[in-house]
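Colleague: Input start.txt, format and content: compact mmCIF, C-alpha atoms and all ligand atoms.
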# COMPACT_ATOMS: atom_id res chain seq x y z
CA MET A 1 -53.04 -52.70 -12.53
CA LYS A 2 -49.29 -52.64 -12.30
CA LEU A 3 -47.28 -49.45 -12.68
CA LEU A 4 -44.18 -50.00 -14.84
CA ASP A 5 -40.79 -48.33 -14.35
CA ALA A 6 -40.02 -46.14 -17.31
CA GLU A 7 -37.31 -43.66 -18.23
CA LEU A 8 -36.42 -41.69 -21.33
CA ILE A 9 -33.09 -43.06 -22.62
CA GLY A 10 -32.75 -41.00 -25.79
CA SER A 11 -34.33 -38.74 -28.39
CA ALA A 12 -33.40 -38.81 -32.05
CA PHE A 13 -33.79 -36.14 -34.72
CA LYS A 14 -31.59 -38.16 -37.08
CA PRO A 15 -30.66 -41.86 -37.47
CA GLU A 16 -27.18 -41.39 -35.97
CA GLU A 17 -28.86 -40.48 -32.72
CA PHE A 18 -30.74 -43.79 -32.29
CA PRO A 19 -29.57 -45.25 -28.96
CA LYS A 20 -27.71 -48.55 -29.06
CA THR A 21 -29.48 -51.31 -27.17
CA ASP A 22 -30.15 -55.05 -27.38
CA LEU A 23 -33.50 -54.93 -25.60
CA PRO A 24 -36.59 -55.88 -27.61
CA GLU A 25 -38.10 -52.72 -29.00
CA PHE A 26 -41.74 -51.77 -29.64
CA ALA A 27 -42.61 -48.73 -31.76
CA PHE A 28 -45.85 -46.74 -31.60
CA CYS A 29 -46.61 -44.70 -34.70
CA GLY A 30 -49.55 -43.05 -36.40
CA ARG A 31 -51.00 -39.76 -37.56
CA SER A 32 -50.50 -36.66 -35.54
CA ASN A 33 -52.87 -36.42 -32.55
CA VAL A 34 -54.02 -40.06 -32.87
CA GLY A 35 -53.02 -40.78 -29.26
CA LYS A 36 -49.49 -42.29 -29.35
CA SER A 37 -48.15 -40.48 -26.31
CA SER A 38 -51.39 -41.13 -24.39
CA LEU A 39 -51.17 -44.85 -25.18
CA LEU A 40 -47.59 -45.01 -23.90
CA ASN A 41 -48.56 -43.27 -20.68
CA THR A 42 -51.47 -45.70 -20.29
CA LEU A 43 -49.23 -48.73 -20.80
CA VAL A 44 -46.85 -47.69 -18.02
CA LEU A 45 -49.63 -46.06 -15.94
CA ARG A 46 -47.83 -42.72 -15.72
CA GLU A 47 -49.49 -39.48 -16.62
CA ASN A 48 -46.51 -37.51 -17.84
CA LEU A 49 -43.94 -39.87 -19.28
CA ALA A 50 -44.66 -38.89 -22.89
CA HIS A 51 -45.97 -35.40 -23.54
CA VAL A 52 -49.67 -35.35 -24.46
CA SER A 53 -51.23 -32.36 -26.19
CA SER A 54 -54.51 -31.50 -27.87
CA LYS A 55 -52.39 -29.51 -30.34
CA PRO A 56 -51.24 -31.80 -33.21
CA GLY A 57 -47.57 -32.24 -34.10
CA LYS A 58 -46.37 -32.20 -30.51
CA THR A 59 -43.83 -35.05 -30.73
CA ARG A 60 -41.24 -34.03 -33.33
CA GLN A 61 -38.43 -36.44 -32.53
CA ILE A 62 -38.29 -40.19 -31.90
CA ASN A 63 -38.33 -40.78 -28.15
CA PHE A 64 -36.94 -44.01 -26.70
CA TYR A 65 -38.11 -45.21 -23.27
CA LYS A 66 -36.68 -48.09 -21.27
CA VAL A 67 -39.61 -49.85 -19.60
CA ALA A 68 -39.50 -52.31 -16.69
CA GLY A 69 -35.75 -52.69 -17.35
CA LYS A 70 -36.47 -55.08 -20.23
CA TYR A 71 -38.24 -53.38 -23.11
CA ILE A 72 -37.77 -50.26 -25.21
CA PHE A 73 -40.95 -48.38 -26.10
CA VAL A 74 -40.65 -45.84 -28.89
CA ASP A 75 -42.88 -42.81 -29.34
CA MET A 76 -42.71 -41.82 -33.02
CA PRO A 77 -43.44 -38.31 -34.32
CA GLY A 78 -46.92 -38.08 -35.84
CA PHE A 79 -47.36 -37.79 -39.60
CA GLY A 80 -50.00 -36.22 -41.82
CA TYR A 81 -50.25 -32.94 -39.95
CA ALA A 82 -50.83 -30.19 -42.53
CA ASN A 83 -49.39 -27.29 -40.60
CA VAL A 84 -45.68 -28.13 -40.73
CA SER A 85 -43.01 -26.93 -43.14
CA LYS A 86 -41.89 -28.89 -46.19
CA ASP A 87 -38.42 -29.32 -44.67
CA GLU A 88 -39.95 -30.77 -41.53
CA ARG A 89 -42.06 -33.25 -43.53
CA LEU A 90 -39.04 -34.42 -45.52
CA ARG A 91 -37.03 -34.80 -42.34
CA TRP A 92 -39.87 -36.85 -40.86
CA ALA A 93 -40.12 -39.08 -43.97
CA GLU A 94 -36.42 -39.87 -43.90
CA LEU A 95 -36.33 -40.48 -40.17
CA ASN A 96 -39.42 -42.71 -40.35
CA TYR A 97 -38.02 -44.81 -43.19
CA GLU A 98 -34.53 -45.13 -41.72
CA TYR A 99 -35.90 -46.11 -38.33
CA PHE A 100 -38.07 -48.94 -39.65
CA LYS A 101 -35.40 -50.12 -42.07
CA ARG A 102 -32.40 -50.09 -39.75
CA ARG A 103 -33.60 -50.88 -36.28
CA GLU A 104 -32.46 -54.44 -35.65
CA ASN A 105 -33.92 -54.91 -32.19
CA LEU A 106 -37.39 -53.71 -33.29
CA VAL A 107 -39.75 -56.67 -32.87
CA LEU A 108 -43.22 -55.19 -33.21
CA VAL A 109 -44.83 -51.97 -34.44
CA ALA A 110 -48.18 -50.65 -33.31
CA LEU A 111 -49.81 -48.50 -35.98
CA LEU A 112 -52.40 -46.37 -34.22
CA VAL A 113 -55.48 -45.31 -36.16
CA ASP A 114 -58.29 -43.09 -34.92
CA SER A 115 -61.32 -45.38 -34.50
CA ARG A 116 -63.63 -42.50 -35.46
CA LEU A 117 -62.21 -42.25 -38.97
CA GLU A 118 -62.52 -44.44 -42.05
CA PRO A 119 -59.25 -46.00 -43.28
CA GLN A 120 -56.91 -43.18 -44.29
CA LYS A 121 -54.61 -43.37 -47.30
CA ILE A 122 -51.66 -42.18 -45.30
CA ASP A 123 -52.13 -44.97 -42.72
CA LEU A 124 -52.30 -47.55 -45.51
CA ALA A 125 -49.08 -46.17 -46.93
CA GLN A 126 -47.45 -46.97 -43.58
CA VAL A 127 -48.86 -50.51 -43.78
CA GLU A 128 -47.30 -50.80 -47.21
CA LEU A 129 -43.94 -49.78 -45.75
CA PHE A 130 -44.15 -52.40 -42.98
CA GLU A 131 -44.98 -55.10 -45.51
CA GLU A 132 -42.11 -54.04 -47.72
CA LEU A 133 -39.66 -53.99 -44.82
CA ARG A 134 -41.11 -57.23 -43.41
CA ARG A 135 -41.96 -55.74 -40.03
CA ASN A 136 -44.55 -57.34 -37.77
CA TYR A 137 -47.24 -54.81 -36.89
CA LEU A 138 -50.65 -54.53 -35.30
CA ILE A 139 -53.39 -51.98 -35.87
CA VAL A 140 -54.53 -50.24 -32.69
CA PHE A 141 -57.87 -48.43 -32.83
CA THR A 142 -57.54 -45.44 -30.49
CA LYS A 143 -60.17 -43.33 -28.69
CA THR A 144 -62.74 -46.13 -28.69
CA ASP A 145 -64.43 -44.45 -25.70
CA LYS A 146 -65.71 -41.92 -28.25
CA ILE A 147 -67.55 -44.35 -30.55
CA SER A 148 -70.27 -47.01 -30.28
CA GLU A 149 -69.50 -50.73 -30.35
CA ASP A 150 -71.37 -51.01 -33.65
CA LEU A 151 -69.19 -48.38 -35.28
CA LEU A 152 -66.08 -50.06 -33.88
CA LYS A 153 -67.14 -53.39 -35.43
CA LYS A 154 -67.74 -51.69 -38.75
CA ARG A 155 -64.33 -50.02 -38.59
CA ILE A 156 -62.54 -53.28 -37.84
CA LYS A 157 -64.36 -54.95 -40.74
CA GLU A 158 -63.23 -52.19 -43.11
CA PHE A 159 -59.60 -52.71 -42.13
CA GLU A 160 -59.95 -56.50 -42.13
CA PHE A 161 -61.15 -56.37 -45.67
CA LEU A 162 -58.43 -54.03 -46.89
CA LEU A 163 -55.60 -55.88 -45.17
CA GLN A 164 -56.85 -59.43 -45.61
CA TYR A 165 -53.82 -60.56 -47.63
CA CYS A 166 -51.14 -58.82 -45.62
CA ASN A 167 -48.42 -61.09 -44.28
CA PHE A 168 -47.02 -59.20 -41.34
CA LEU A 169 -50.23 -57.99 -39.70
CA ILE A 170 -50.57 -59.58 -36.26
CA GLU A 171 -53.97 -58.37 -35.07
CA PHE A 172 -56.47 -55.55 -34.56
CA LEU A 173 -56.74 -54.10 -31.09
CA PRO A 174 -59.36 -51.64 -29.77
CA PHE A 175 -57.83 -49.24 -27.25
CA SER A 176 -58.74 -46.28 -25.05
CA ALA A 177 -56.45 -44.18 -22.90
CA VAL A 178 -59.54 -43.02 -20.98
CA THR A 179 -61.00 -46.42 -20.00
CA LYS A 180 -57.68 -48.31 -20.41
CA ARG A 181 -59.41 -50.78 -22.69
CA GLY A 182 -56.84 -52.91 -24.52
CA ARG A 183 -53.98 -52.19 -22.11
CA GLU A 184 -53.69 -55.72 -20.73
CA GLU A 185 -54.00 -57.28 -24.19
CA LEU A 186 -51.29 -55.01 -25.59
CA LEU A 187 -48.95 -55.76 -22.68
CA ALA A 188 -49.54 -59.49 -23.17
CA LEU A 189 -48.62 -59.18 -26.84
CA ILE A 190 -45.49 -57.22 -25.93
CA ARG A 191 -44.42 -59.93 -23.47
CA LYS A 192 -45.04 -62.60 -26.10
CA PHE A 193 -42.95 -60.87 -28.77
CA ALA A 194 -40.16 -60.06 -26.32
CA GLU A 195 -40.03 -63.75 -25.41
CA LYS A 196 -39.99 -64.76 -29.09
CA LYS A 197 -37.04 -62.46 -29.70
CA LYS A 198 -35.17 -64.00 -26.80
CA CYS A 199 -35.62 -67.52 -28.23
CA SER A 200 -34.90 -66.53 -31.81
CA ASN A 201 -31.66 -64.68 -31.06
CA GLU A 202 -29.73 -67.44 -29.43
CA CYS A 203 -30.21 -70.71 -27.69
CA THR A 204 -27.71 -72.65 -25.65
CA THR A 205 -26.95 -76.18 -26.77
CA GLU A 206 -26.09 -78.98 -24.35
CA ASP A 207 -22.34 -78.59 -24.76
CA GLY A 208 -22.58 -74.99 -23.76
CA THR A 209 -21.88 -73.42 -27.14
CA LYS A 210 -24.32 -70.88 -28.43
CA LYS A 211 -25.98 -71.37 -31.73
CA LYS A 212 -28.14 -69.12 -33.76
CA VAL A 213 -31.64 -70.43 -34.45
CA ALA A 214 -33.88 -69.62 -37.36
CA ARG A 215 -35.40 -66.23 -37.07
CA LEU A 216 -39.16 -66.17 -36.68
CA ALA A 217 -41.92 -64.78 -38.85
CA LEU A 218 -39.90 -61.83 -40.19
CA GLU A 219 -37.74 -63.99 -42.39
CA ASN A 220 -40.13 -66.78 -43.20
CA SER A 221 -43.11 -65.06 -44.70
CA ASN A 222 -43.46 -63.92 -48.27
CA PHE A 223 -44.30 -60.41 -49.22
CA GLY A 224 -47.49 -60.44 -51.21
CA CYS A 225 -49.76 -57.92 -49.64
CA PHE A 226 -49.24 -54.77 -51.61
CA PRO A 227 -50.79 -55.71 -54.97
CA LEU A 228 -53.86 -57.06 -53.18
CA LEU A 229 -54.14 -54.00 -51.04
CA VAL A 230 -54.28 -51.91 -54.19
CA PHE A 231 -56.72 -54.33 -55.78
CA ALA A 232 -59.03 -54.09 -52.78
CA PHE A 233 -58.98 -50.33 -53.01
CA VAL A 234 -59.57 -50.11 -56.71
CA THR A 235 -62.43 -52.59 -56.77
CA CYS A 236 -64.26 -51.81 -53.57
CA PHE A 237 -63.84 -48.12 -53.05
CA ASN A 238 -63.54 -47.14 -56.67
CA PHE A 239 -60.28 -45.74 -55.53
CA ASP A 240 -58.13 -43.55 -57.76
CA PHE A 241 -54.71 -45.19 -57.65
CA ARG A 242 -52.97 -41.97 -58.64
CA LEU A 243 -54.36 -40.36 -55.50
CA PHE A 244 -52.96 -43.21 -53.43
CA GLN A 245 -49.52 -42.70 -54.91
CA LYS A 246 -49.78 -39.01 -54.28
CA SER A 247 -50.98 -39.10 -50.70
CA PHE A 248 -47.54 -39.09 -49.18
CA ALA A 249 -45.98 -37.14 -52.03
CA GLU A 250 -48.48 -34.33 -51.52
CA TRP A 251 -48.06 -34.28 -47.79
CA LEU A 252 -44.33 -34.15 -48.36
CA GLY A 253 -44.82 -31.15 -50.63
CA PHE A 254 -43.87 -32.57 -54.03
CA ASP A 255 -45.62 -31.21 -57.09
CA SER A 256 -48.85 -33.23 -57.32
CA LYS A 257 -49.60 -32.18 -60.94
CA ARG A 258 -46.61 -34.05 -62.39
N1 LIG A 301 -61.16 -39.47 -25.47
C1 LIG A 301 -59.92 -39.84 -25.70
N2 LIG A 301 -58.98 -38.92 -25.97
C2 LIG A 301 -57.71 -39.33 -26.21
C3 LIG A 301 -57.35 -40.71 -26.17
N3 LIG A 301 -56.04 -40.80 -26.50
C4 LIG A 301 -55.60 -39.55 -26.67
N4 LIG A 301 -56.59 -38.64 -26.53
C5 LIG A 301 -56.48 -37.18 -26.69
O1 LIG A 301 -56.02 -36.91 -28.01
C6 LIG A 301 -55.12 -35.80 -27.99
C7 LIG A 301 -53.79 -36.19 -28.62
O2 LIG A 301 -53.15 -37.17 -27.81
P1 LIG A 301 -51.59 -37.45 -27.90
O3 LIG A 301 -51.35 -38.66 -27.06
O4 LIG A 301 -50.79 -36.23 -27.57
O5 LIG A 301 -51.42 -37.78 -29.43
P2 LIG A 301 -50.08 -38.07 -30.27
O6 LIG A 301 -50.43 -39.09 -31.27
O7 LIG A 301 -48.95 -38.38 -29.35
O8 LIG A 301 -49.85 -36.65 -30.98
P3 LIG A 301 -48.50 -36.08 -31.67
O9 LIG A 301 -47.39 -36.21 -30.69
O10 LIG A 301 -48.88 -34.66 -31.96
O11 LIG A 301 -48.29 -36.85 -32.92
C8 LIG A 301 -55.01 -35.35 -26.54
O12 LIG A 301 -55.92 -34.29 -26.32
C9 LIG A 301 -55.43 -36.59 -25.75
O13 LIG A 301 -55.98 -36.30 -24.49
C10 LIG A 301 -58.38 -41.66 -25.86
O14 LIG A 301 -58.17 -42.90 -25.81
N5 LIG A 301 -59.63 -41.18 -25.64
MG MG A 302 -47.09 -37.46 -29.09
For the file at hand, write its structure as structure tokens.
Modeller:
Amino acid sequence: MKLLDAELIGSAFKPEEFPKTDLPEFAFCGRSNVGKSSLLNTLVLRENLAHVSSKPGKTRQINFYKVAGKYIFVDMPGFGYANVSKDERLRWAELNYEYFKRRENLVLVALLVDSRLEPQKIDLAQVELFEELRRNYLIVFTKTDKISEDLLKKRIKEFEFLLQYCNFLIEFLPFSAVTKRGREELLALIRKFAEKKKCSNECTTEDGTKKKVARLALENSNFGCFPLLVFAFVTCFNFDFRLFQKSFAEWLGFDSKR
């Protein structure tokens, strides 16, 4: 396995602090303690690039790493952790939204979900955001060393069902920072998307002038996932839609009785 060069090039507590770069960017997000920092360390084969902790809420800012001189990997702060102040949650919500909305060089997002848990409302709210903002994303099942293959299959089926009509979902990927399962597959996907970005940005014509070519999936697909996502929930899990709407609002500390 190949060790990759990696260095921290910036940390952002607010959008103005996002570093300027043209390199293809890959973001890793998910609930607090799901294993984002561990996954990043596994990808580059370094133990202490991103700070890992058994205590949730460790990564509070967005950290940008330049990897192998050609990619940016982004470690997002975890969401859903109960023990943080209302101000901190609101700051997170704004930073999260602004990052995914604004970041032009972002080509792929990995949403990490804990393979031991059933689909969580707060993770599905992130999916909804990616669909709305037309961001390509994959679902990474973390900590698979802690569950059986049967349970993993069941978990993937649950997500497959819920997200069957989503347009920007690329794939499901089982991962473990302990066994390094999924590392090669994830790196291959990263290389593929970095290459796609290179071709879609510019291509040189025969006379030497540069011309823009049609952008790839991001601009060509239609958004149609959200209503079906809700439909799947309501019909199959007897899901209370008001709860779904409130999941983020409650975590963010708004009055849930209104
Ligand atoms: N068994 C097992 N443990 C893991 C794995 N990935 C992470 N962990 C553990 O889960 C805990 C949280 O890991 P982190 O990588 O810090 O999680 P995070 O998502 O970055 O957390 P925040 O920064 O707080 O949002 C640590 O105790 C890790 O050792 C995995 O694949 N298998
Ligand atoms: Mg972290």
Colleague: Please give me, as number ranges by chain, the residues lying within 8 Å of ligand LIG 301 (chain A) when counting all atoms listed in the file.
Modeller: A: 29-39, 50-60, 75-79, 142-146, 175-180
Colleague: Using all atoms listed in the file, find the one residue out of A:Ile62, A:Glu94, A:Glu185, A:Leu3 that sits nearest to ligand MG 302 (chain A).
Modeller: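 When distances to ligand MG 302 (chain A) are compared using all atoms listed in the file, the smallest one comes from A:Ile62.
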Colleague: Ranking A:Ile139, A:Lys197, A:Leu129, A:Phe26 by minimum distance to Glu98 in chain A and counting all atoms listed in the file, which one comes first?
Modeller: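 Going through A:Ile139, A:Lys197, A:Leu129, A:Phe26 one by one, the smallest distance to Glu98 in chain A is for A:Leu129.
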Colleague: Taking into account all atoms listed in the file, which residue in the set A:Lys196, A:Arg116, A:Arg46, A:Arg91 is nearest to Pro15 in chain A?
Modeller: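 Closest candidate: A:Arg91.
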Colleague: So what do you get for CA of Glu128 in chain A versus CA of Asn96 in chain A, distance-wise?
Modeller: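 We find that CA of Glu128 in chain A and CA of Asn96 in chain A lie 13.2 Å from each other.
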Colleague: Would you please work out which residue, of A:Ala125, A:Val84, A:Leu49, A:Cys199, is nearest to ligand MG 302 (chain A) when using only C-alpha atoms and all ligand atoms?
Modeller: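 Ranked by minimum distance to ligand MG 302 (chain A), first place goes to A:Leu49.
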Colleague: May I have the residues within 9 Å of range 19-23 of chain A as a list in words, using only C-alpha atoms and disregarding those fewer than 6 positions away in the same chain?
Modeller: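 With the cut-off at 9 Å, the set is Ile9, Gly10, Ser11, Ala12, Phe64, Lys66, Gly69, Lys70, Tyr71, Ile72, Glu104, Asn105, Leu106 and Ala194 of chain A.
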Colleague: Write out, as a PDB file, in the coordinates of the input, the residues just selected, with C-alpha atoms.
Modeller:
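Contents of result33.pdb, as written:
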ATOM      1  CA  ILE A   9     -33.090 -43.060 -22.620  1.00  0.00           C
ATOM      2  CA  GLY A  10     -32.750 -41.000 -25.790  1.00  0.00           C
ATOM      3  CA  SER A  11     -34.330 -38.740 -28.390  1.00  0.00           C
ATOM      4  CA  ALA A  12     -33.400 -38.810 -32.050  1.00  0.00           C
ATOM      5  CA  PHE A  64     -36.940 -44.010 -26.700  1.00  0.00           C
ATOM      6  CA  LYS A  66     -36.680 -48.090 -21.270  1.00  0.00           C
ATOM      7  CA  GLY A  69     -35.750 -52.690 -17.350  1.00  0.00           C
ATOM      8  CA  LYS A  70     -36.470 -55.080 -20.230  1.00  0.00           C
ATOM      9  CA  TYR A  71     -38.240 -53.380 -23.110  1.00  0.00           C
ATOM     10  CA  ILE A  72     -37.770 -50.260 -25.210  1.00  0.00           C
ATOM     11  CA  GLU A 104     -32.460 -54.440 -35.650  1.00  0.00           C
ATOM     12  CA  ASN A 105     -33.920 -54.910 -32.190  1.00  0.00           C
ATOM     13  CA  LEU A 106     -37.390 -53.710 -33.290  1.00  0.00           C
ATOM     14  CA  ALA A 194     -40.160 -60.060 -26.320  1.00  0.00           C
TER      15      ALA A 194
END
Colleague: What is the CA of Leu133 in chain A-CA of Tyr165 in chain A distance in Å, reported with one decimal?
Modeller: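 CA of Tyr165 in chain A lies 15.9 Å from CA of Leu133 in chain A.
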Colleague: Compare A:Arg134, A:Lys192, A:Lys2, A:Lys198 by their minimum atom-to-atom distance to Asn167 in chain A, counting all atoms listed in the file, and give me the closest one.
Modeller: A:Arg134
Colleague: For ligand MG 302 (chain A), which residue among A:Ala82, A:Ile122, A:Leu40, A:Leu138 is the nearest when counting all atoms listed in the file?
Modeller: A:Leu40
Colleague: Figure out the distance between CA of Leu95 in chain A and CA of Leu4 in chain A, please, to one decimal in Å.
Modeller: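 CA of Leu95 in chain A lies at a distance of 28.2 Å from CA of Leu4 in chain A.
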Colleague: Around (-52.9, -55.6, -19.5), as given in the file, which residues come within 12 Å? Count all atoms listed in the file and list them as a list in words.
Modeller: Met1, Lys2, Leu3, Leu4, Thr42, Leu43, Val44, Leu45, Phe175, Lys180, Arg181, Gly182, Arg183, Glu184, Glu185, Leu186, Leu187, Ala188, Leu189, Ile190 and Arg191 of chain A
